[in-house]
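Next comes work22.txt, with compact mmCIF, C-alpha atoms and all ligand atoms.
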# COMPACT_ATOMS: atom_id res chain seq x y z
CA MET F 191 120.67 90.28 119.00
CA SER F 192 119.08 87.30 117.25
CA GLU F 193 118.78 87.70 113.49
CA LYS F 194 116.27 90.36 112.48
CA ARG F 195 114.82 91.23 109.10
CA VAL F 196 114.10 94.57 107.54
CA LEU F 197 112.30 95.32 104.34
CA LEU F 198 114.30 98.09 102.68
CA VAL F 199 112.54 100.29 100.13
CA ILE F 200 115.12 102.02 97.94
CA GLY F 201 113.69 105.15 96.35
CA GLY F 202 115.01 107.05 93.35
CA GLY F 203 117.60 109.60 94.34
CA ILE F 204 121.29 110.23 93.89
CA ALA F 205 121.78 109.01 97.48
CA ALA F 206 120.45 105.54 96.59
CA TYR F 207 124.04 104.27 96.33
CA LYS F 208 124.35 104.74 100.10
CA SER F 209 121.67 102.08 100.59
CA LEU F 210 124.23 99.53 99.37
CA GLU F 211 126.55 100.47 102.23
CA LEU F 212 123.55 100.33 104.57
CA ILE F 213 122.79 96.74 103.54
CA ARG F 214 126.42 95.82 104.28
CA LEU F 215 126.38 97.52 107.70
CA LEU F 216 123.12 95.78 108.58
CA ALA F 217 124.49 92.38 107.61
CA LYS F 218 127.42 92.98 109.98
CA ALA F 219 124.90 93.75 112.75
CA ASN F 220 123.05 90.49 112.05
CA VAL F 221 120.13 92.20 110.31
CA ARG F 222 119.02 90.82 106.95
CA ALA F 223 117.71 93.31 104.44
CA ARG F 224 115.29 92.28 101.71
CA ALA F 225 114.95 95.06 99.16
CA ILE F 226 112.19 96.65 97.15
CA LEU F 227 113.72 98.79 94.41
CA THR F 228 111.39 101.42 92.94
CA THR F 229 111.45 102.12 89.20
CA ALA F 230 113.21 105.43 89.91
CA GLY F 231 115.57 103.72 92.37
CA ALA F 232 116.64 101.32 89.62
CA GLN F 233 117.92 104.33 87.65
CA PHE F 234 120.51 104.90 90.38
CA VAL F 235 121.45 101.40 91.61
CA THR F 236 121.05 98.14 89.78
CA PRO F 237 119.00 95.19 91.05
CA LEU F 238 122.13 93.11 90.53
CA SER F 239 124.25 95.08 93.01
CA VAL F 240 121.40 95.27 95.56
CA GLY F 241 120.72 91.54 95.26
CA ALA F 242 124.41 90.65 95.49
CA LEU F 243 124.72 92.50 98.80
CA SER F 244 121.38 91.47 100.31
CA GLY F 245 121.78 87.88 99.16
CA ASP F 246 118.10 87.85 98.30
CA LYS F 247 115.72 88.45 95.42
CA VAL F 248 115.12 92.14 94.72
CA TYR F 249 111.43 93.03 94.40
CA GLN F 250 110.53 95.60 91.77
CA ASP F 251 107.12 95.23 90.21
CA LEU F 252 103.71 95.00 91.81
CA PHE F 253 102.33 93.31 88.73
CA ASP F 254 105.04 90.69 88.32
CA LEU F 255 102.96 87.53 88.61
CA THR F 256 105.90 85.23 89.29
CA ALA F 257 107.17 87.45 92.09
CA GLU F 258 103.66 87.84 93.50
CA ALA F 259 103.20 84.06 93.50
CA GLU F 260 106.53 83.57 95.31
CA MET F 261 106.08 86.34 97.85
CA GLY F 262 103.01 88.63 97.71
CA HIS F 263 103.34 92.30 98.63
CA ILE F 264 101.45 91.73 101.88
CA GLU F 265 103.74 88.85 102.80
CA LEU F 266 106.79 90.98 102.02
CA SER F 267 106.13 93.32 104.93
CA ARG F 268 104.75 90.53 107.14
CA SER F 269 108.03 88.69 106.98
CA ALA F 270 109.97 91.76 108.16
CA ASP F 271 110.44 93.16 111.65
CA LEU F 272 110.69 96.71 110.33
CA VAL F 273 110.13 98.56 107.06
CA VAL F 274 112.85 101.08 106.13
CA VAL F 275 112.63 103.61 103.31
CA ALA F 276 116.10 104.88 102.33
CA PRO F 277 116.33 107.12 100.46
CA ALA F 278 112.78 108.33 101.12
CA THR F 279 112.14 110.69 98.22
CA ALA F 280 109.61 113.55 98.32
CA ASP F 281 107.44 111.39 96.05
CA LEU F 282 107.52 108.33 98.33
CA MET F 283 106.76 110.53 101.36
CA ALA F 284 103.85 112.16 99.52
CA LYS F 285 102.41 108.80 98.51
CA ALA F 286 102.73 107.35 102.00
CA ALA F 287 101.29 110.48 103.65
CA ASN F 288 98.24 110.31 101.40
CA GLY F 289 97.75 106.57 101.35
CA LEU F 290 98.43 106.19 97.63
CA ALA F 291 99.16 102.67 96.46
CA ASN F 292 100.06 102.55 92.79
CA ASP F 293 103.31 100.62 92.80
CA LEU F 294 104.99 97.94 94.88
CA ALA F 295 106.72 100.33 97.30
CA SER F 296 103.67 102.50 98.06
CA THR F 297 101.33 99.49 98.21
CA THR F 298 103.63 97.77 100.67
CA LEU F 299 103.81 100.92 102.83
CA LEU F 300 100.02 101.10 102.92
CA ALA F 301 99.63 97.39 103.64
CA THR F 302 102.17 97.08 106.42
CA ASP F 303 101.38 96.89 110.11
CA LYS F 304 105.07 97.05 111.02
CA LYS F 305 106.97 100.09 112.25
CA VAL F 306 108.23 102.25 109.40
CA LEU F 307 111.47 104.24 109.41
CA MET F 308 112.10 106.82 106.69
CA ALA F 309 115.44 108.42 105.83
CA PRO F 310 114.50 111.35 103.59
CA ALA F 311 116.79 112.60 100.84
CA MET F 312 115.97 115.34 98.40
CA ASN F 313 116.91 118.80 97.21
CA VAL F 314 116.70 121.43 99.97
CA ARG F 315 113.87 123.32 98.24
CA MET F 316 111.85 120.14 97.91
CA TRP F 317 112.46 119.40 101.60
CA GLU F 318 111.40 122.91 102.58
CA HIS F 319 108.36 123.03 100.28
CA SER F 320 105.12 123.41 102.19
CA ALA F 321 103.79 120.21 100.61
CA THR F 322 106.73 118.19 101.99
CA ARG F 323 106.38 119.93 105.39
CA ARG F 324 102.73 118.84 105.43
CA ASN F 325 103.55 115.28 104.40
CA PHE F 326 106.36 115.07 106.96
CA ALA F 327 104.06 116.27 109.78
CA ARG F 328 101.34 113.87 108.73
CA LEU F 329 103.69 110.89 108.55
CA GLN F 330 105.05 111.74 112.01
CA ALA F 331 101.51 111.93 113.34
CA ASP F 332 100.85 108.52 111.74
CA GLY F 333 103.73 107.13 113.80
CA VAL F 334 106.36 106.91 111.06
CA HIS F 335 109.88 107.25 112.47
CA PHE F 336 112.50 109.45 110.82
CA VAL F 337 116.26 109.64 110.70
CA GLY F 338 117.73 112.75 109.08
CA PRO F 339 117.82 114.41 106.68
CA ASP F 340 121.21 115.97 107.35
CA GLN F 341 122.40 119.42 106.44
CA GLY F 342 125.25 119.86 103.97
CA ASP F 343 126.36 120.21 100.37
CA MET F 344 124.09 118.55 97.88
CA ALA F 345 124.75 116.78 94.61
CA CYS F 346 122.82 119.58 92.87
CA GLY F 347 125.30 122.19 94.14
CA GLU F 348 123.03 123.67 96.80
CA TYR F 349 123.45 123.66 100.57
CA GLY F 350 120.91 122.88 103.26
CA TYR F 351 118.74 120.15 104.75
CA GLY F 352 117.99 117.24 102.47
CA ARG F 353 121.08 115.04 102.51
CA LEU F 354 120.43 111.41 103.32
CA ALA F 355 121.57 110.57 106.87
CA GLU F 356 124.86 108.67 106.90
CA PRO F 357 124.45 104.87 106.60
CA GLU F 358 125.85 104.44 110.14
CA ALA F 359 123.16 106.76 111.54
CA ILE F 360 120.44 104.90 109.62
CA ARG F 361 121.80 101.58 110.90
CA ASP F 362 121.73 102.92 114.50
CA ALA F 363 118.14 104.11 114.08
CA ILE F 364 117.21 100.67 112.72
CA LEU F 365 118.92 98.89 115.62
CA ALA F 366 117.13 101.18 118.11
CA LEU F 367 113.77 100.29 116.55
CA LEU F 368 114.61 96.58 116.50
CA SER F 369 115.95 96.72 120.03
CA ASP F 370 114.88 94.06 122.48
CA GLY F 371 115.99 96.39 125.27
CA PRO F 372 114.91 96.14 128.89
CA LEU F 373 112.13 98.71 128.35
CA LYS F 374 110.53 96.77 125.49
CA GLY F 375 106.76 96.80 125.96
CA LYS F 376 106.89 99.92 128.17
CA ARG F 377 105.38 103.21 127.09
CA ALA F 378 106.96 106.54 127.93
CA LEU F 379 105.91 110.16 127.61
CA VAL F 380 108.48 112.96 127.60
CA THR F 381 107.76 116.69 127.38
CA ALA F 382 110.53 118.94 126.10
CA GLY F 383 111.43 122.41 124.91
CA PRO F 384 109.75 125.70 125.69
CA THR F 385 106.13 126.59 125.15
CA ILE F 386 105.20 129.75 123.33
CA GLU F 387 102.16 131.73 124.37
CA ALA F 388 100.68 134.03 121.76
CA ILE F 389 100.11 137.73 122.49
CA ASP F 390 98.86 138.39 118.97
CA PRO F 391 99.47 136.70 115.59
CA VAL F 392 103.14 137.80 115.52
CA ARG F 393 104.24 138.12 119.16
CA PHE F 394 104.59 135.62 121.95
CA LEU F 395 105.96 134.97 125.45
CA SER F 396 108.48 132.15 125.75
CA ASN F 397 111.77 131.14 127.38
CA ARG F 398 115.28 129.99 126.48
CA SER F 399 114.81 126.22 126.75
CA SER F 400 116.60 124.40 123.89
CA GLY F 401 114.89 121.04 124.37
CA LYS F 402 118.26 119.24 124.41
CA GLN F 403 117.80 117.48 127.76
CA GLY F 404 114.28 116.28 127.00
CA TYR F 405 115.25 115.05 123.52
CA ALA F 406 118.24 113.19 124.98
CA ILE F 407 115.96 111.48 127.52
CA ALA F 408 113.49 110.47 124.82
CA ALA F 409 116.38 109.03 122.77
CA ALA F 410 117.82 107.14 125.77
CA LEU F 411 114.44 105.57 126.60
CA ALA F 412 113.90 104.55 122.97
CA GLU F 413 117.37 103.03 122.86
CA LEU F 414 116.35 100.77 125.74
CA GLY F 415 113.32 99.65 123.75
CA ALA F 416 110.54 101.86 125.17
CA GLU F 417 107.79 103.17 122.93
CA VAL F 418 108.31 106.90 123.38
CA THR F 419 106.03 109.85 122.66
CA LEU F 420 107.89 113.15 122.78
CA VAL F 421 105.58 116.14 123.15
CA SER F 422 107.74 119.06 122.15
CA GLY F 423 107.46 122.81 122.04
CA PRO F 424 109.30 124.60 119.20
CA THR F 425 113.00 123.62 119.03
CA ASN F 426 115.68 123.33 116.36
CA LEU F 427 116.22 119.64 117.07
CA ALA F 428 115.46 116.63 114.90
CA ALA F 429 113.22 113.98 116.44
CA PRO F 430 115.42 111.20 117.86
CA ALA F 431 115.35 107.88 116.03
CA GLY F 432 112.55 105.60 117.05
CA VAL F 433 110.61 108.31 118.88
CA LYS F 434 107.15 109.60 118.00
CA ARG F 435 107.25 113.39 118.21
CA VAL F 436 104.12 115.49 118.63
CA SER F 437 104.87 119.17 117.99
CA VAL F 438 102.94 121.77 119.98
CA GLU F 439 103.27 125.45 120.78
CA SER F 440 101.31 126.45 123.88
CA ALA F 441 101.00 124.87 127.33
CA ASP F 442 97.34 124.13 126.63
CA GLN F 443 98.26 122.21 123.48
CA MET F 444 101.04 120.42 125.34
CA LEU F 445 98.65 119.27 128.05
CA ARG F 446 96.13 118.01 125.50
CA ALA F 447 98.82 116.12 123.57
CA CYS F 448 100.10 114.55 126.80
CA GLU F 449 96.63 113.43 127.86
CA LYS F 450 96.09 111.92 124.40
CA SER F 451 99.27 109.83 124.73
CA LEU F 452 98.07 108.11 127.94
CA PRO F 453 98.24 105.46 129.26
CA VAL F 454 102.01 105.32 129.72
CA ASP F 455 104.23 103.60 132.26
CA VAL F 456 106.43 106.62 132.84
CA ALA F 457 105.99 110.34 132.21
CA ILE F 458 108.98 112.67 132.36
CA CYS F 459 108.19 116.38 132.24
CA VAL F 460 111.29 118.16 131.05
CA ALA F 461 109.58 120.99 129.18
CA ALA F 462 110.05 124.54 130.38
CA VAL F 463 106.35 125.24 130.28
CA ALA F 464 105.53 128.96 130.40
CA ASP F 465 103.89 129.56 133.77
CA TRP F 466 101.62 132.24 132.34
CA ARG F 467 100.00 133.11 129.06
CA PRO F 468 98.38 136.32 127.91
CA ALA F 469 94.83 136.22 129.28
CA LEU F 470 93.61 137.31 125.85
CA THR F 471 95.29 136.65 122.52
CA ALA F 472 94.57 139.50 120.11
CA SER F 473 93.31 138.18 116.79
CA GLU F 474 95.02 141.05 114.96
CA LYS F 475 98.49 142.51 115.39
CA ILE F 476 98.47 145.04 118.23
CA LYS F 477 99.35 148.47 116.85
CA LYS F 478 101.74 150.84 118.59
CA GLY F 479 99.14 153.63 118.62
CA LYS F 480 99.71 156.98 120.21
CA ASN F 481 99.23 156.06 123.83
CA SER F 482 101.52 154.32 126.28
CA ALA F 483 102.66 150.69 125.93
CA PRO F 484 99.81 148.22 126.29
CA ALA F 485 99.54 146.20 129.52
CA ILE F 486 99.40 142.45 129.03
CA ALA F 487 97.19 140.73 131.59
CA LEU F 488 98.40 137.20 132.31
CA ALA F 489 96.52 134.02 133.16
CA GLU F 490 98.12 130.98 134.76
CA ASN F 491 98.82 127.99 132.52
CA PRO F 492 97.78 124.47 133.47
CA ASP F 493 100.49 122.56 135.31
CA ILE F 494 101.13 119.50 133.16
CA LEU F 495 103.30 117.69 135.69
CA ALA F 496 100.74 118.18 138.46
CA THR F 497 97.90 117.09 136.17
CA LEU F 498 99.70 113.90 135.13
CA SER F 499 100.55 113.18 138.79
CA LYS F 500 96.94 113.25 139.98
CA PRO F 501 95.89 109.88 141.43
CA GLY F 502 93.60 107.96 139.12
CA LYS F 503 93.35 105.05 136.72
CA LYS F 504 95.45 106.78 134.06
CA ARG F 505 98.25 107.97 136.35
CA PRO F 506 101.57 106.68 135.03
CA LYS F 507 103.36 104.32 137.43
CA LEU F 508 106.23 106.75 137.59
CA VAL F 509 105.97 110.53 137.13
CA ILE F 510 109.18 112.53 137.04
CA GLY F 511 109.53 116.30 137.03
CA PHE F 512 112.45 118.62 136.55
CA ALA F 513 113.15 121.57 138.77
CA ALA F 514 115.08 124.50 137.47
CA GLU F 515 116.44 126.28 140.51
CA THR F 516 118.99 128.98 141.16
CA ASN F 517 119.25 128.56 144.97
CA ASP F 518 118.47 126.05 147.77
CA VAL F 519 118.22 123.41 145.04
CA GLU F 520 117.38 120.34 147.13
CA ALA F 521 114.92 122.03 149.49
CA ASN F 522 113.06 123.75 146.65
CA ALA F 523 112.97 120.53 144.65
CA ARG F 524 111.55 118.55 147.59
CA ALA F 525 108.85 121.15 148.04
CA LYS F 526 108.04 120.67 144.36
CA ILE F 527 107.55 116.88 144.78
CA ALA F 528 105.05 117.61 147.56
CA LYS F 529 103.30 120.39 145.65
CA LYS F 530 102.98 118.60 142.32
CA GLY F 531 102.48 115.04 143.53
CA CYS F 532 105.16 113.51 141.29
CA ASP F 533 107.44 110.63 142.35
CA TRP F 534 110.89 111.97 141.51
CA ILE F 535 112.38 115.34 140.72
CA VAL F 536 115.52 115.84 138.71
CA ALA F 537 116.80 119.13 140.09
CA ASN F 538 119.31 121.27 138.30
CA ASP F 539 120.95 124.54 139.12
CA VAL F 540 120.27 126.84 136.17
CA SER F 541 122.17 129.83 137.52
CA GLY F 542 125.09 129.01 135.14
CA ASP F 543 125.08 128.01 131.48
CA VAL F 544 122.85 124.92 131.72
CA MET F 545 119.92 126.30 129.70
CA GLY F 546 120.83 125.83 126.05
CA GLY F 547 124.21 124.28 126.93
CA ASP F 548 125.33 120.69 126.37
CA GLU F 549 126.06 119.78 129.98
CA ASN F 550 124.03 119.42 133.11
CA GLU F 551 124.66 118.80 136.80
CA VAL F 552 121.70 117.29 138.56
CA LEU F 553 120.36 115.84 141.78
CA LEU F 554 117.94 112.94 141.46
CA ILE F 555 115.51 113.33 144.32
CA ARG F 556 113.21 110.49 145.28
CA ARG F 557 110.73 110.72 148.13
CA ASP F 558 113.14 108.70 150.27
CA GLY F 559 116.56 109.90 149.22
CA ALA F 560 118.70 111.90 146.85
CA GLU F 561 121.64 111.18 144.56
CA ALA F 562 123.96 113.87 143.25
CA TRP F 563 125.40 113.18 139.82
CA PRO F 564 128.61 114.84 138.67
CA ARG F 565 128.47 117.47 135.92
CA THR F 566 128.34 115.60 132.63
CA SER F 567 126.79 115.76 129.16
CA LYS F 568 123.03 115.98 128.81
CA ALA F 569 123.22 112.69 126.86
CA GLU F 570 124.88 110.98 129.83
CA VAL F 571 122.36 112.46 132.29
CA ALA F 572 119.65 111.09 130.00
CA LYS F 573 121.20 107.61 130.02
CA ARG F 574 121.39 107.61 133.81
CA ILE F 575 117.77 108.68 134.09
CA ALA F 576 116.73 105.98 131.60
CA ALA F 577 118.67 103.38 133.62
CA ALA F 578 117.01 104.52 136.88
CA VAL F 579 113.58 104.37 135.21
CA THR F 580 114.34 100.86 133.93
CA LYS F 581 115.22 99.70 137.44
CA GLU F 582 112.08 101.25 138.89
CA LEU F 583 109.78 99.74 136.25
CA GLY F 584 111.27 96.32 136.78
CA GLY F 585 113.23 96.04 133.54
CA LYS F 586 116.77 94.77 133.63
CA ALA F 587 118.96 97.87 133.61
CA ARG F 588 122.41 97.27 132.28
CA GLU F 589 124.98 98.34 134.85
CA ARG F 590 126.29 101.83 133.98
CA LYS F 591 129.89 102.52 134.84
N1 LIG F 601 105.78 122.07 134.65
C1 LIG F 601 104.65 121.66 133.95
N2 LIG F 601 103.68 122.56 133.67
C2 LIG F 601 103.78 123.84 134.06
C3 LIG F 601 104.94 124.27 134.76
C4 LIG F 601 105.91 123.36 135.04
O1 LIG F 601 104.55 120.49 133.60
N3 LIG F 601 102.82 124.69 133.76
C5 LIG F 601 106.80 121.06 134.99
C6 LIG F 601 108.12 121.22 134.29
O2 LIG F 601 108.15 120.47 133.10
C7 LIG F 601 109.08 120.65 135.33
C8 LIG F 601 108.44 120.99 136.65
O3 LIG F 601 107.06 121.23 136.35
O4 LIG F 601 109.11 119.24 135.28
C9 LIG F 601 109.03 122.16 137.39
O5 LIG F 601 109.03 123.30 136.67
P1 LIG F 601 109.71 124.67 137.24
O6 LIG F 601 109.55 125.70 136.19
O7 LIG F 601 111.04 124.41 137.79
O8 LIG F 601 108.84 124.95 138.47
P2 LIG F 601 107.55 125.78 138.64
O9 LIG F 601 106.45 124.83 138.90
O10 LIG F 601 107.36 126.72 137.50
O11 LIG F 601 107.87 126.57 139.97
P3 LIG F 601 108.78 127.89 140.19
O12 LIG F 601 108.76 128.65 138.88
O13 LIG F 601 108.06 128.53 141.27
O14 LIG F 601 110.14 127.40 140.56
Write-out of the structure in structure tokens:
Amino acid sequence: MSEKRVLLVIGGGIAAYKSLELIRLLAKANVRARAILTTAGAQFVTPLSVGALSGDKVYQDLFDLTAEAEMGHIELSRSADLVVVAPATADLMAKAANGLANDLASTTLLATDKKVLMAPAMNVRMWEHSATRRNFARLQADGVHFVGPDQGDMACGEYGYGRLAEPEAIRDAILALLSDGPLKGKRALVTAGPTIEAIDPVRFLSNRSSGKQGYAIAAALAELGAEVTLVSGPTNLAAPAGVKRVSVESADQMLRACEKSLPVDVAICVAAVADWRPALTASEKIKKGKNSAPAIALAENPDILATLSKPGKKRPKLVIGFAAETNDVEANARAKIAKKGCDWIVANDVSGDVMGGDENEVLLIRRDGAEAWPRTSKAEVAKRIAAAVTKELGGKARERK
């Protein structure tokens, strides 16, 4: 990779020392980091140590006239390929989510037109506070990318989510976002996870999908440089680095989010969309009452794969579905290509432990042929699918062994 530049905003948290290691790892990967150190950040690491590692001036004050004359805050982000915030404190996230601009870091985040990657780090209660949840969701919707936070012991003696991702993981997320991969310039849509269909405010219909395969595909496409939107039902998974995640619950919401993400070059429907939803969702919790169990009338959900496959101006060049089958896998999957109008089907036999597991054994079925892949990890299946997509879209797929 030719030399790239990141603008690294170092926020004030005990994890700030890890940003020094990050600068070193980036330098090894031929990425130059220029740093903005917030006032709070300077309580944890010194400008001298940051500057010594970055080999550059460290920017600290919005109102420093000399610094502003040398390199204005707008120019600071313009001269970078990517803006990284590590550690991203609750305060920095709140400012960025609300468009506040009252210091150099927040002003730069508001002024930048570059991709932004945040690596949050804070106490678990701060991370779980509804205000931070709101800010996190808003930043994701604004297209900010995230890596971490991790789960583990914290400096404050508590345990939970809030630890800064390891410097290696932050470096990898940065490299993925800076990637000049063969899918650069291509847009991809991936659906993943289950959908949940409300019966009343506390009950729902759903299925056992973990989202692992869809998330792995989104990550593999992003790694090859694609701009990926991941429309996901509820899962326990973190959004992969460099991927824009849109969180939804029902099939209806999933369809709307998918349509909003168009146009894309490739759409891959991995989600286990509930085929039916309760025809009526009760606005209040259904009481047991004295009579027999209530009957739930069902209505059919929209078929997202079939909708995306419909011929028209917005149809992605390549539409790929998944088929979860327990018998006659190839024949059933072929029938699905015909029924839904997609181009390829990735068929898997879900009679074993595939759903929720870490491995998958699939058949890639095109209209004119089929390839059986040996049982392997979902991550490897994802990489093979991403390589096949790259070939189909005319990118240069690296040979996979
Ligand atoms: N799919 C979808 N929207 C739906 C149902 C399914 O987008 N409402 C997509 C899935 O994401 C998957 C493909 O369609 O890519 C196949 O889903 P599957 O559940 O295997 O097939 P069904 O269409 O539900 O058919 P059946 O249950 O009869 O096997």
Report as JSON lines: every residue of chain F with an atom at most 7 Å from ligand LIG 601 (chain F), its closest pair of atoms, and their distance in Å to one decimal, counting all atoms listed in the file, with rows sorted by chain and ascending residue number.
{"residue": "F:Thr381", "atom": "CA", "partner": "F:LIG601", "partner_atom": "O2", "distance": 6.9}
{"residue": "F:Ala441", "atom": "CA", "partner": "F:LIG601", "partner_atom": "N3", "distance": 6.7}
{"residue": "F:Cys459", "atom": "CA", "partner": "F:LIG601", "partner_atom": "O2", "distance": 4.2}
{"residue": "F:Val460", "atom": "CA", "partner": "F:LIG601", "partner_atom": "O2", "distance": 4.4}
{"residue": "F:Ala461", "atom": "CA", "partner": "F:LIG601", "partner_atom": "O2", "distance": 4.2}
{"residue": "F:Ala462", "atom": "CA", "partner": "F:LIG601", "partner_atom": "O2", "distance": 5.3}
{"residue": "F:Val463", "atom": "CA", "partner": "F:LIG601", "partner_atom": "C2", "distance": 4.8}
{"residue": "F:Ala464", "atom": "CA", "partner": "F:LIG601", "partner_atom": "N3", "distance": 6.1}
{"residue": "F:Asp465", "atom": "CA", "partner": "F:LIG601", "partner_atom": "N3", "distance": 5.0}
{"residue": "F:Asn491", "atom": "CA", "partner": "F:LIG601", "partner_atom": "N3", "distance": 5.3}
{"residue": "F:Pro492", "atom": "CA", "partner": "F:LIG601", "partner_atom": "N3", "distance": 5.1}
{"residue": "F:Asp493", "atom": "CA", "partner": "F:LIG601", "partner_atom": "N3", "distance": 3.5}
{"residue": "F:Ile494", "atom": "CA", "partner": "F:LIG601", "partner_atom": "O1", "distance": 3.6}
{"residue": "F:Leu495", "atom": "CA", "partner": "F:LIG601", "partner_atom": "O1", "distance": 3.7}
{"residue": "F:Ala496", "atom": "CA", "partner": "F:LIG601", "partner_atom": "O1", "distance": 6.6}
{"residue": "F:Ile510", "atom": "CA", "partner": "F:LIG601", "partner_atom": "O4", "distance": 6.9}
{"residue": "F:Gly511", "atom": "CA", "partner": "F:LIG601", "partner_atom": "O4", "distance": 3.4}
{"residue": "F:Phe512", "atom": "CA", "partner": "F:LIG601", "partner_atom": "O4", "distance": 3.6}
{"residue": "F:Ala513", "atom": "CA", "partner": "F:LIG601", "partner_atom": "O7", "distance": 3.7}
{"residue": "F:Ala514", "atom": "CA", "partner": "F:LIG601", "partner_atom": "O7", "distance": 4.1}
{"residue": "F:Glu515", "atom": "CA", "partner": "F:LIG601", "partner_atom": "O7", "distance": 6.3}
Keeping only C-alpha atoms, take the residues you just selected and write them out as a PDB file, in the frame of the given file.
ATOM      1  CA  THR F 381     107.760 116.690 127.380  1.00  0.00           C
ATOM      2  CA  ALA F 441     101.000 124.870 127.330  1.00  0.00           C
ATOM      3  CA  CYS F 459     108.190 116.380 132.240  1.00  0.00           C
ATOM      4  CA  VAL F 460     111.290 118.160 131.050  1.00  0.00           C
ATOM      5  CA  ALA F 461     109.580 120.990 129.180  1.00  0.00           C
ATOM      6  CA  ALA F 462     110.050 124.540 130.380  1.00  0.00           C
ATOM      7  CA  VAL F 463     106.350 125.240 130.280  1.00  0.00           C
ATOM      8  CA  ALA F 464     105.530 128.960 130.400  1.00  0.00           C
ATOM      9  CA  ASP F 465     103.890 129.560 133.770  1.00  0.00           C
ATOM     10  CA  ASN F 491      98.820 127.990 132.520  1.00  0.00           C
ATOM     11  CA  PRO F 492      97.780 124.470 133.470  1.00  0.00           C
ATOM     12  CA  ASP F 493     100.490 122.560 135.310  1.00  0.00           C
ATOM     13  CA  ILE F 494     101.130 119.500 133.160  1.00  0.00           C
ATOM     14  CA  LEU F 495     103.300 117.690 135.690  1.00  0.00           C
ATOM     15  CA  ALA F 496     100.740 118.180 138.460  1.00  0.00           C
ATOM     16  CA  ILE F 510     109.180 112.530 137.040  1.00  0.00           C
ATOM     17  CA  GLY F 511     109.530 116.300 137.030  1.00  0.00           C
ATOM     18  CA  PHE F 512     112.450 118.620 136.550  1.00  0.00           C
ATOM     19  CA  ALA F 513     113.150 121.570 138.770  1.00  0.00           C
ATOM     20  CA  ALA F 514     115.080 124.500 137.470  1.00  0.00           C
ATOM     21  CA  GLU F 515     116.440 126.280 140.510  1.00  0.00           C
TER      22      GLU F 515
END
Determine, using only C-alpha atoms, which residues of segment 334-432 of chain F have any atom at most 8 Å from an atom of segment 268-284 of chain F, and tabulate each with its shortest atom pair and distance in Å to one decimal place, rows ordered by chain and then rising number, as a tab-separated table.
residue	atom	partner	partner_atom	distance
F:Leu354	CA	F:Pro277	CA	6.6
F:Ile364	CA	F:Val274	CA	7.9
F:Leu367	CA	F:Leu272	CA	7.8
F:Leu368	CA	F:Asp271	CA	7.3
Would you pick out the contacts of Ile226 of chain F at 9 Å or less, using all atoms listed in the file, so that residues sharing its chain but fewer than 4 positions from it are not included, and give the list as a tab-separated table (two decimals) with C-alpha atoms, in the coordinates of the input?
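What ended up in part.tsv:
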chain	number	residue	atom	x	y	z
F	197	LEU	CA	112.30	95.32	104.34
F	198	LEU	CA	114.30	98.09	102.68
F	199	VAL	CA	112.54	100.29	100.13
F	200	ILE	CA	115.12	102.02	97.94
F	201	GLY	CA	113.69	105.15	96.35
F	248	VAL	CA	115.12	92.14	94.72
F	249	TYR	CA	111.43	93.03	94.40
F	250	GLN	CA	110.53	95.60	91.77
F	251	ASP	CA	107.12	95.23	90.21
F	294	LEU	CA	104.99	97.94	94.88
F	295	ALA	CA	106.72	100.33	97.30
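We find atom CA of Thr580 of chain F and atom CA of Asp558 of chain F to be spaced 18.2 Å apart.
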With a distance cut-off of 9 Å and only C-alpha atoms, select the neighbouring residues of segment 219-222 of chain F, excluding the residue or stretch itself and same-chain residues fewer than 3 positions from it, and output the selection as a list in words. Met191, Ser192, Glu193, Lys194, Arg195, Val196, Leu197, Ile213, Arg214, Leu215, Leu216, Ser244, Gly245, Arg361 and Leu365 of chain F
Residue contacts of segment 414-427 of chain F (9 Å, only C-alpha atoms) excluding same-chain residues fewer than 3 positions away, as a ChimeraX atom specification: /F:366-386,399-402,404-405,408-411,430,432-441,444,447-448,451,461-463,576-577,580,587
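For the choices F:His263, F:Lys218, F:Arg315, F:Lys247, the atom-to-atom distance to Glu358 of chain F is smallest for F:Lys218 when using all atoms listed in the file.
When all atoms listed in the file are used to measure the gap to Gly547 of chain F, the shortest distance among F:Ala569, F:Ala485, F:Ile527, F:Leu210 belongs to F:Ala569.
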Just want the 12 Å neighbourhood of His319 of chain F, counted on all atoms listed in the file, with same-chain residues fewer than 6 positions away dropped. Output as a PyMOL selection string. chain F and resi 280+284+312-313+325-326+351-352
Keeping only C-alpha atoms, write those residues as a PDB file, in the coordinates of the input.
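Done, and the output landed in out.pdb:
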ATOM      1  CA  ALA F 280     109.610 113.550  98.320  1.00  0.00           C
ATOM      2  CA  ALA F 284     103.850 112.160  99.520  1.00  0.00           C
ATOM      3  CA  MET F 312     115.970 115.340  98.400  1.00  0.00           C
ATOM      4  CA  ASN F 313     116.910 118.800  97.210  1.00  0.00           C
ATOM      5  CA  ASN F 325     103.550 115.280 104.400  1.00  0.00           C
ATOM      6  CA  PHE F 326     106.360 115.070 106.960  1.00  0.00           C
ATOM      7  CA  TYR F 351     118.740 120.150 104.750  1.00  0.00           C
ATOM      8  CA  GLY F 352     117.990 117.240 102.470  1.00  0.00           C
TER       9      GLY F 352
END
Non-local contacts of segment 466-475 of chain F (10 Å; all atoms listed in the file; under 5 positions in same chain excluded) as a ChimeraX atom specification: /F:385-396,440-442,486-492
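With only C-alpha atoms taken into account, every residue lying no more than 7 Å from the file point (107.1, 106.4, 131.8) is included here: Arg377, Ala378, Leu379, Val454, Asp455, Val456, Ala457, Ile458, Pro506, Leu508 and Val509 of chain F.
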